[in-house]
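**Student:** For reference, the file run-v4.cif (mmCIF, C-alpha atoms) is included below:
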```
data_data
#
loop_
_atom_site.group_PDB
_atom_site.id
_atom_site.type_symbol
_atom_site.label_atom_id
_atom_site.label_comp_id
_atom_site.auth_asym_id
_atom_site.auth_seq_id
_atom_site.Cartn_x
_atom_site.Cartn_y
_atom_site.Cartn_z
ATOM 1 C CA MET A 1103 115.016 97.500 158.521
ATOM 2 C CA THR A 1104 113.136 99.294 155.763
ATOM 3 C CA ARG A 1105 111.327 102.519 156.646
ATOM 4 C CA VAL A 1106 110.038 105.617 154.900
ATOM 5 C CA SER A 1107 112.892 108.125 154.994
ATOM 6 C CA HIS A 1108 111.153 111.064 153.371
ATOM 7 C CA LEU A 1109 108.615 112.247 150.861
ATOM 8 C CA GLY A 1110 110.006 114.706 148.329
ATOM 9 C CA ILE A 1111 107.617 117.460 147.203
ATOM 10 C CA ALA A 1112 108.631 119.564 144.190
ATOM 11 C CA VAL A 1113 107.798 123.263 144.568
ATOM 12 C CA ARG A 1114 108.408 126.408 142.517
ATOM 13 C CA ASP A 1115 108.972 128.872 145.356
ATOM 14 C CA LEU A 1116 110.793 127.380 148.323
ATOM 15 C CA GLU A 1117 110.287 130.275 150.740
ATOM 16 C CA LYS A 1118 106.555 130.355 150.061
ATOM 17 C CA ALA A 1119 106.259 126.565 150.419
ATOM 18 C CA VAL A 1120 108.177 126.646 153.704
ATOM 19 C CA GLU A 1121 105.642 129.102 155.122
ATOM 20 C CA VAL A 1122 102.788 126.864 153.915
ATOM 21 C CA TYR A 1123 104.266 123.696 155.441
ATOM 22 C CA LYS A 1124 105.184 125.368 158.746
ATOM 23 C CA ILE A 1125 101.450 125.777 159.348
ATOM 24 C CA ILE A 1126 100.495 122.340 158.029
ATOM 25 C CA LEU A 1127 103.146 120.475 160.011
ATOM 26 C CA GLY A 1128 103.170 122.721 163.060
ATOM 27 C CA CYS A 1129 106.952 122.985 163.159
ATOM 28 C CA GLU A 1130 109.957 124.765 161.678
ATOM 29 C CA PRO A 1131 112.171 123.114 159.057
ATOM 30 C CA VAL A 1132 115.309 121.549 160.508
ATOM 31 C CA THR A 1133 117.335 122.805 157.559
ATOM 32 C CA ILE A 1134 117.056 124.891 154.408
ATOM 33 C CA GLU A 1135 120.042 124.383 152.168
ATOM 34 C CA HIS A 1136 121.412 124.236 148.658
ATOM 35 C CA VAL A 1137 122.539 120.777 147.526
ATOM 36 C CA SER A 1138 124.806 121.822 144.688
ATOM 37 C CA ASP A 1139 125.522 118.400 143.168
ATOM 38 C CA GLN A 1140 121.790 117.692 142.927
ATOM 39 C CA LYS A 1141 121.018 121.234 141.713
ATOM 40 C CA VAL A 1142 118.219 121.780 144.215
ATOM 41 C CA ARG A 1143 117.433 123.831 147.268
ATOM 42 C CA VAL A 1144 115.672 121.803 149.935
ATOM 43 C CA ALA A 1145 113.795 122.472 153.143
ATOM 44 C CA ILE A 1146 113.482 119.471 155.446
ATOM 45 C CA PHE A 1147 110.779 119.109 158.083
ATOM 46 C CA ARG A 1148 110.941 116.375 160.716
ATOM 47 C CA PRO A 1149 107.651 116.783 162.593
ATOM 48 C CA ALA A 1150 108.106 113.549 164.560
ATOM 49 C CA GLY A 1151 111.881 113.537 165.054
ATOM 50 C CA GLU A 1152 115.011 112.133 163.523
ATOM 51 C CA GLU A 1153 113.972 108.525 162.890
ATOM 52 C CA SER A 1154 110.514 109.277 161.532
ATOM 53 C CA ALA A 1155 109.450 110.097 158.002
ATOM 54 C CA ALA A 1156 110.493 113.592 156.912
ATOM 55 C CA ILE A 1157 108.917 115.981 154.433
ATOM 56 C CA GLU A 1158 111.419 117.413 151.964
ATOM 57 C CA LEU A 1159 110.428 120.425 149.887
ATOM 58 C CA ILE A 1160 112.546 120.554 146.730
ATOM 59 C CA CYS A 1161 113.049 123.591 144.550
ATOM 60 C CA PRO A 1162 115.125 122.931 141.431
ATOM 61 C CA ASP A 1163 117.901 125.216 140.248
ATOM 62 C CA PRO A 1164 117.175 126.803 136.850
ATOM 63 C CA ASP A 1165 119.514 124.268 135.192
ATOM 64 C CA ASN A 1166 117.976 121.213 136.882
ATOM 65 C CA LYS A 1167 116.255 119.863 133.782
ATOM 66 C CA SER A 1168 114.616 116.846 135.378
ATOM 67 C CA ILE A 1169 112.696 118.592 138.162
ATOM 68 C CA GLN A 1170 112.020 121.684 136.053
ATOM 69 C CA ALA A 1171 110.388 119.323 133.517
ATOM 70 C CA PHE A 1172 108.386 117.670 136.306
ATOM 71 C CA LEU A 1173 107.040 121.071 137.402
ATOM 72 C CA GLU A 1174 106.318 122.018 133.798
ATOM 73 C CA ASN A 1175 104.473 118.785 133.029
ATOM 74 C CA ARG A 1176 102.697 117.957 136.285
ATOM 75 C CA GLY A 1177 102.901 121.084 138.406
ATOM 76 C CA GLU A 1178 103.930 121.199 142.037
ATOM 77 C CA GLY A 1179 103.377 118.015 144.003
ATOM 78 C CA MET A 1180 104.777 114.772 145.332
ATOM 79 C CA HIS A 1181 107.933 113.976 143.399
ATOM 80 C CA HIS A 1182 109.588 110.949 144.981
ATOM 81 C CA LEU A 1183 109.368 108.525 147.872
ATOM 82 C CA SER A 1184 112.575 107.732 149.688
ATOM 83 C CA LEU A 1185 113.011 104.490 151.608
ATOM 84 C CA HIS A 1186 115.768 103.911 154.114
ATOM 85 C CA VAL A 1187 117.182 100.395 153.757
ATOM 86 C CA ASP A 1188 120.092 98.613 155.420
ATOM 87 C CA ASP A 1189 121.880 97.781 152.191
ATOM 88 C CA VAL A 1190 121.097 99.611 148.948
ATOM 89 C CA ALA A 1191 123.344 97.392 146.794
ATOM 90 C CA SER A 1192 121.685 94.212 148.017
ATOM 91 C CA ARG A 1193 118.167 95.642 147.529
ATOM 92 C CA LEU A 1194 119.107 96.753 144.007
ATOM 93 C CA ASP A 1195 120.351 93.234 143.243
ATOM 94 C CA THR A 1196 117.061 91.747 144.414
ATOM 95 C CA LEU A 1197 115.025 94.217 142.362
ATOM 96 C CA LYS A 1198 117.190 93.672 139.290
ATOM 97 C CA GLN A 1199 116.837 89.885 139.528
ATOM 98 C CA LYS A 1200 113.075 90.311 139.726
ATOM 99 C CA GLY A 1201 113.081 92.429 136.567
ATOM 100 C CA TYR A 1202 112.502 95.872 138.086
ATOM 101 C CA ARG A 1203 113.675 98.773 135.957
ATOM 102 C CA LEU A 1204 116.460 100.624 137.763
ATOM 103 C CA ILE A 1205 117.609 104.185 137.155
ATOM 104 C CA ASP A 1206 120.848 103.518 139.061
ATOM 105 C CA GLU A 1207 122.353 100.072 138.637
ATOM 106 C CA LYS A 1208 124.680 100.707 141.569
ATOM 107 C CA PRO A 1209 124.505 102.930 144.664
ATOM 108 C CA ARG A 1210 125.959 106.397 144.205
ATOM 109 C CA PRO A 1211 126.912 109.080 146.724
ATOM 110 C CA GLY A 1212 124.061 111.259 147.993
ATOM 111 C CA ALA A 1213 123.910 114.152 150.445
ATOM 112 C CA GLU A 1214 125.273 113.734 153.987
ATOM 113 C CA GLY A 1215 127.516 110.804 153.059
ATOM 114 C CA LYS A 1216 124.576 108.570 152.161
ATOM 115 C CA LYS A 1217 124.463 105.943 149.446
ATOM 116 C CA ILE A 1218 121.456 106.325 147.188
ATOM 117 C CA ALA A 1219 119.892 104.770 144.098
ATOM 118 C CA PHE A 1220 116.688 105.414 142.178
ATOM 119 C CA VAL A 1221 114.175 102.877 140.854
ATOM 120 C CA HIS A 1222 112.098 103.760 137.790
ATOM 121 C CA PRO A 1223 108.388 104.621 138.246
ATOM 122 C CA LYS A 1224 107.525 102.075 135.520
ATOM 123 C CA SER A 1225 108.340 99.325 138.023
ATOM 124 C CA THR A 1226 106.769 100.806 141.146
ATOM 125 C CA GLY A 1227 103.188 101.764 140.294
ATOM 126 C CA GLY A 1228 104.186 105.216 139.067
ATOM 127 C CA VAL A 1229 106.345 106.180 142.047
ATOM 128 C CA LEU A 1230 109.859 107.560 141.583
ATOM 129 C CA LEU A 1231 111.550 105.561 144.336
ATOM 130 C CA GLU A 1232 114.792 106.434 146.072
ATOM 131 C CA LEU A 1233 116.619 103.889 148.189
ATOM 132 C CA GLU A 1234 119.042 105.306 150.732
ATOM 133 C CA GLN A 1235 121.491 103.968 153.274
ATOM 134 C CA ASP A 1236 123.515 105.863 155.895
ATOM 135 C CA MET B 434 102.389 115.398 167.770
ATOM 136 C CA THR B 435 102.217 115.568 163.989
ATOM 137 C CA ARG B 436 103.692 112.676 162.029
ATOM 138 C CA VAL B 437 103.361 111.094 158.612
ATOM 139 C CA SER B 438 100.646 108.472 158.921
ATOM 140 C CA HIS B 439 100.786 107.049 155.422
ATOM 141 C CA LEU B 440 101.389 107.687 151.771
ATOM 142 C CA GLY B 441 98.516 106.636 149.529
ATOM 143 C CA ILE B 442 99.481 105.234 146.129
ATOM 144 C CA ALA B 443 96.726 104.793 143.534
ATOM 145 C CA VAL B 444 97.042 101.585 141.509
ATOM 146 C CA ARG B 445 94.966 99.836 138.844
ATOM 147 C CA ASP B 446 95.614 96.228 139.849
ATOM 148 C CA LEU B 447 95.870 95.732 143.605
ATOM 149 C CA GLU B 448 97.114 92.139 143.545
ATOM 150 C CA LYS B 449 99.866 92.996 141.073
ATOM 151 C CA ALA B 450 100.893 96.090 143.059
ATOM 152 C CA VAL B 451 101.011 94.079 146.290
ATOM 153 C CA GLU B 452 103.493 91.671 144.692
ATOM 154 C CA VAL B 453 105.592 94.627 143.488
ATOM 155 C CA TYR B 454 105.658 96.333 146.906
ATOM 156 C CA LYS B 455 106.366 93.106 148.803
ATOM 157 C CA ILE B 456 109.740 93.046 147.054
ATOM 158 C CA ILE B 457 110.376 96.799 147.368
ATOM 159 C CA LEU B 458 109.499 96.968 151.059
ATOM 160 C CA GLY B 459 110.725 93.532 152.050
ATOM 161 C CA CYS B 460 107.585 92.662 153.973
ATOM 162 C CA GLU B 461 104.013 91.414 153.646
ATOM 163 C CA PRO B 462 101.045 93.772 153.831
ATOM 164 C CA VAL B 463 99.422 93.889 157.275
ATOM 165 C CA THR B 464 95.990 93.988 155.681
ATOM 166 C CA ILE B 465 94.228 93.832 152.326
ATOM 167 C CA GLU B 466 90.631 94.915 152.612
ATOM 168 C CA HIS B 467 87.666 96.578 150.991
ATOM 169 C CA VAL B 468 86.653 99.911 152.530
ATOM 170 C CA SER B 469 83.118 100.091 151.261
ATOM 171 C CA ASP B 470 82.241 103.642 152.286
ATOM 172 C CA GLN B 471 85.337 104.960 150.513
ATOM 173 C CA LYS B 472 84.803 102.672 147.511
ATOM 174 C CA VAL B 473 88.369 101.380 147.489
ATOM 175 C CA ARG B 474 90.321 98.242 148.128
ATOM 176 C CA VAL B 475 93.502 98.909 150.066
ATOM 177 C CA ALA B 476 96.665 97.036 150.951
ATOM 178 C CA ILE B 477 98.604 98.495 153.877
ATOM 179 C CA PHE B 478 102.317 97.902 154.437
ATOM 180 C CA ARG B 479 104.003 98.891 157.706
ATOM 181 C CA PRO B 480 107.668 98.117 157.047
ATOM 182 C CA ALA B 481 108.831 99.808 160.272
ATOM 183 C CA GLY B 482 105.958 98.984 162.587
ATOM 184 C CA GLU B 483 102.750 100.441 163.901
ATOM 185 C CA GLU B 484 103.831 104.010 164.714
ATOM 186 C CA SER B 485 105.900 104.579 161.575
ATOM 187 C CA ALA B 486 104.800 105.828 158.190
ATOM 188 C CA ALA B 487 102.808 103.240 156.244
ATOM 189 C CA ILE B 488 102.430 102.677 152.511
ATOM 190 C CA GLU B 489 98.814 102.294 151.419
ATOM 191 C CA LEU B 490 98.076 100.921 147.976
ATOM 192 C CA ILE B 491 94.635 102.076 146.850
ATOM 193 C CA CYS B 492 92.593 100.497 144.090
ATOM 194 C CA PRO B 493 89.303 102.291 143.364
ATOM 195 C CA ASP B 494 86.015 100.488 142.865
ATOM 196 C CA PRO B 495 84.585 100.943 139.352
ATOM 197 C CA ASP B 496 82.155 103.560 140.711
ATOM 198 C CA ASN B 497 84.790 105.573 142.594
ATOM 199 C CA LYS B 498 84.811 108.540 140.233
ATOM 200 C CA SER B 499 87.491 110.574 141.971
ATOM 201 C CA ILE B 500 90.291 108.005 142.005
ATOM 202 C CA GLN B 501 89.259 106.525 138.650
ATOM 203 C CA ALA B 502 89.659 110.053 137.243
ATOM 204 C CA PHE B 503 93.058 110.381 138.929
ATOM 205 C CA LEU B 504 94.236 107.156 137.274
ATOM 206 C CA GLU B 505 92.802 108.248 133.944
ATOM 207 C CA ASN B 506 94.437 111.688 134.057
ATOM 208 C CA ARG B 507 97.753 111.050 135.783
ATOM 209 C CA GLY B 508 98.234 107.286 135.777
ATOM 210 C CA GLU B 509 99.266 105.211 138.750
ATOM 211 C CA GLY B 510 101.248 107.027 141.406
ATOM 212 C CA MET B 511 101.288 108.910 144.676
ATOM 213 C CA HIS B 512 97.757 110.053 145.408
ATOM 214 C CA HIS B 513 97.679 111.581 148.883
ATOM 215 C CA LEU B 514 99.763 112.240 151.964
ATOM 216 C CA SER B 515 98.176 111.500 155.300
ATOM 217 C CA LEU B 516 99.328 113.240 158.473
ATOM 218 C CA HIS B 517 98.436 112.049 161.939
ATOM 219 C CA VAL B 518 97.608 115.007 164.193
ATOM 220 C CA ASP B 519 96.335 115.235 167.774
ATOM 221 C CA ASP B 520 93.270 117.292 166.914
ATOM 222 C CA VAL B 521 91.937 117.469 163.352
ATOM 223 C CA ALA B 522 89.267 120.097 164.163
ATOM 224 C CA SER B 523 91.798 122.443 165.720
ATOM 225 C CA ARG B 524 94.245 122.018 162.816
ATOM 226 C CA LEU B 525 91.429 122.687 160.333
ATOM 227 C CA ASP B 526 90.551 125.884 162.212
ATOM 228 C CA THR B 527 94.135 127.075 162.031
ATOM 229 C CA LEU B 528 94.375 126.319 158.316
ATOM 230 C CA LYS B 529 91.025 127.985 157.622
ATOM 231 C CA GLN B 530 92.045 131.134 159.485
ATOM 232 C CA LYS B 531 95.224 131.266 157.418
ATOM 233 C CA GLY B 532 93.214 131.032 154.195
ATOM 234 C CA TYR B 533 93.954 127.427 153.202
ATOM 235 C CA ARG B 534 91.403 125.837 150.917
ATOM 236 C CA LEU B 535 89.744 122.926 152.704
ATOM 237 C CA ILE B 536 87.908 120.014 151.118
ATOM 238 C CA ASP B 537 86.312 119.125 154.462
ATOM 239 C CA GLU B 538 85.367 122.042 156.692
ATOM 240 C CA LYS B 539 84.877 119.678 159.621
ATOM 241 C CA PRO B 540 86.301 116.258 160.545
ATOM 242 C CA ARG B 541 84.311 113.314 159.258
ATOM 243 C CA PRO B 542 84.419 109.620 160.159
ATOM 244 C CA GLY B 543 87.128 107.575 158.429
ATOM 245 C CA ALA B 544 88.084 103.906 158.585
ATOM 246 C CA GLU B 545 88.886 102.287 161.936
ATOM 247 C CA GLY B 546 86.984 104.898 163.951
ATOM 248 C CA LYS B 547 89.313 107.695 162.911
ATOM 249 C CA LYS B 548 88.392 111.305 162.293
ATOM 250 C CA ILE B 549 89.659 112.575 158.958
ATOM 251 C CA ALA B 550 89.575 115.687 156.796
ATOM 252 C CA PHE B 551 91.144 116.601 153.465
ATOM 253 C CA VAL B 552 92.941 119.817 152.501
ATOM 254 C CA HIS B 553 92.917 120.925 148.861
ATOM 255 C CA PRO B 554 96.117 120.544 146.795
ATOM 256 C CA LYS B 555 95.811 124.198 145.731
ATOM 257 C CA SER B 556 96.881 125.173 149.251
ATOM 258 C CA THR B 557 99.608 122.590 149.835
ATOM 259 C CA GLY B 558 101.984 122.751 146.877
ATOM 260 C CA GLY B 559 99.981 120.261 144.839
ATOM 261 C CA VAL B 560 99.584 117.624 147.538
ATOM 262 C CA LEU B 561 96.195 116.138 148.386
ATOM 263 C CA LEU B 562 96.553 116.193 152.165
ATOM 264 C CA GLU B 563 94.619 114.075 154.635
ATOM 265 C CA LEU B 564 94.606 114.900 158.343
ATOM 266 C CA GLU B 565 93.698 112.058 160.637
ATOM 267 C CA GLN B 566 93.187 111.538 164.347
ATOM 268 C CA ASP B 567 92.597 108.300 166.270
#
```
Turn this file's structure into structure tokens for me.
**Tutor:**
Amino acid sequence: MTRVSHLGIAVRDLEKAVEVYKIILGCEPVTIEHVSDQKVRVAIFRPAGEESAAIELICPDPDNKSIQAFLENRGEGMHHLSLHVDDVASRLDTLKQKGYRLIDEKPRPGAEGKKIAFVHPKSTGGVLLELEQD
Amino acid sequence: MTRVSHLGIAVRDLEKAVEVYKIILGCEPVTIEHVSDQKVRVAIFRPAGEESAAIELICPDPDNKSIQAFLENRGEGMHHLSLHVDDVASRLDTLKQKGYRLIDEKPRPGAEGKKIAFVHPKSTGGVLLELEQD
């Protein structure tokens, strides 16, 4: 089944953004951690529990060129939409056959043992789309 | 309980975007309709059912200045995040007391008999935030 896994929001100051979203969402983050291979610090809020859509605040490391450029060009804001799917490889195949522009041609390892792949915003109405699978 | 209600994605061509998201989400939209008082046509996808986060494609009418300006300035992409809360008025009060910048000081009627209010992106890490209540 496909469902919204999380919405990634790029921020400049993680601690400040956590305080802001604690009030908005009415809950504490379930984790604040550094994901070294993605060069980001993240704070994850799950206001409606484990299986519901999460809010992920993302603060790039100084050497994370991609998200630093996003902040420079567009400012803080919604950065990517992540969808949980049963089979990332199969979904990528379908999208590729239909002519969608992929950032990752094959699934690659993400955090927490997940398989992930990104689809280019040019093919999704301007949305940087992440597909993920447990 | 607070949960993600939907993610609004602004698009220029609704029919084209619906075809794109049918493949991405692996399902048909549950509705495509014109919301005359908001001057938009919307297509709503609920890939994981009624209570889970929805994807809402939004195509502004020609005289919808706000979303036309968004498309002009930023192009197609994620436009707003909508959170379902138990009590919009109470959440607005809390945010106001904490100094958040509100677009709507009080709840106003939305589609489907809902109460809605918007919070300004300046106070939310760049995210246009909608609060909604059934």
**Student:** What residues in chain B lie within 6 Å of chain A, counting only C-alpha atoms, written as a ChimeraX atom specification?
**Tutor:** /B:435-436,480-481,509-510,558-560
**Student:** On this file, the PyMOL selection byres ((chain A and resi 1206-1219) around 7) gives some set of residues; write that set as JSON, numbers by chain.
**Tutor:** {"A": [1190, 1191, 1204, 1205, 1220, 1221, 1232, 1233, 1234, 1235, 1236]}
**Student:** Could you save those same residues with C-alpha atoms as a PDB file, in the coordinates of the input?
**Tutor:**
```pdb
ATOM      1  CA  VAL A1190     121.097  99.611 148.948  1.00  0.00           C
ATOM      2  CA  ALA A1191     123.344  97.392 146.794  1.00  0.00           C
ATOM      3  CA  LEU A1204     116.460 100.624 137.763  1.00  0.00           C
ATOM      4  CA  ILE A1205     117.609 104.185 137.155  1.00  0.00           C
ATOM      5  CA  PHE A1220     116.688 105.414 142.178  1.00  0.00           C
ATOM      6  CA  VAL A1221     114.175 102.877 140.854  1.00  0.00           C
ATOM      7  CA  GLU A1232     114.792 106.434 146.072  1.00  0.00           C
ATOM      8  CA  LEU A1233     116.619 103.889 148.189  1.00  0.00           C
ATOM      9  CA  GLU A1234     119.042 105.306 150.732  1.00  0.00           C
ATOM     10  CA  GLN A1235     121.491 103.968 153.274  1.00  0.00           C
ATOM     11  CA  ASP A1236     123.515 105.863 155.895  1.00  0.00           C
TER      12      ASP A1236
END
```
**Student:** Name the residues that the PyMOL selection byres ((chain A and resi 1143) around 7) picks from the file above, as number ranges by chain, using the file's chain letters and numbers.
**Tutor:** A: 1135-1137, 1142, 1144, 1160-1162
**Student:** Restricting it to C-alpha atoms, dump the selection as a tab-separated table (two decimals), keeping the file's coordinate frame.
**Tutor:**
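Final output, result.tsv:
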```
chain	number	residue	atom	x	y	z
A	1135	GLU	CA	120.04	124.38	152.17
A	1136	HIS	CA	121.41	124.24	148.66
A	1137	VAL	CA	122.54	120.78	147.53
A	1142	VAL	CA	118.22	121.78	144.22
A	1144	VAL	CA	115.67	121.80	149.94
A	1160	ILE	CA	112.55	120.55	146.73
A	1161	CYS	CA	113.05	123.59	144.55
A	1162	PRO	CA	115.12	122.93	141.43
```
**Student:** Where's the centre, and what are the edge lengths in Å to one decimal, of a box along x, y and z enclosing all listed atoms of region 1162-1180 of chain A padded 3 Å per side, as JSON?
**Tutor:**
```
{"center_x": 111.1, "center_y": 120.8, "center_z": 139.2, "size_x": 22.8, "size_y": 18.0, "size_z": 18.3}
```
**Student:** Write out as an NGL selection string which residues come within 12 Å of Asp496 (chain B) when counting only C-alpha atoms, dropping same-chain ones fewer than 5 positions away.
**Tutor:** :B and (469-473 or 501-502)
**Student:** In Å, with one decimal, what is the gap from CA of Gln1199 (chain A) to CA of Ala476 (chain B)?
**Tutor:**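 Distance between the two atoms: 24.3 Å.
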**Student:** For CA of Glu1130 (chain A) and CA of Phe1147 (chain A), quote the distance in Å rounded to one decimal.
**Tutor:**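 Between CA of Glu1130 (chain A) and CA of Phe1147 (chain A) the gap works out to 6.8 Å.
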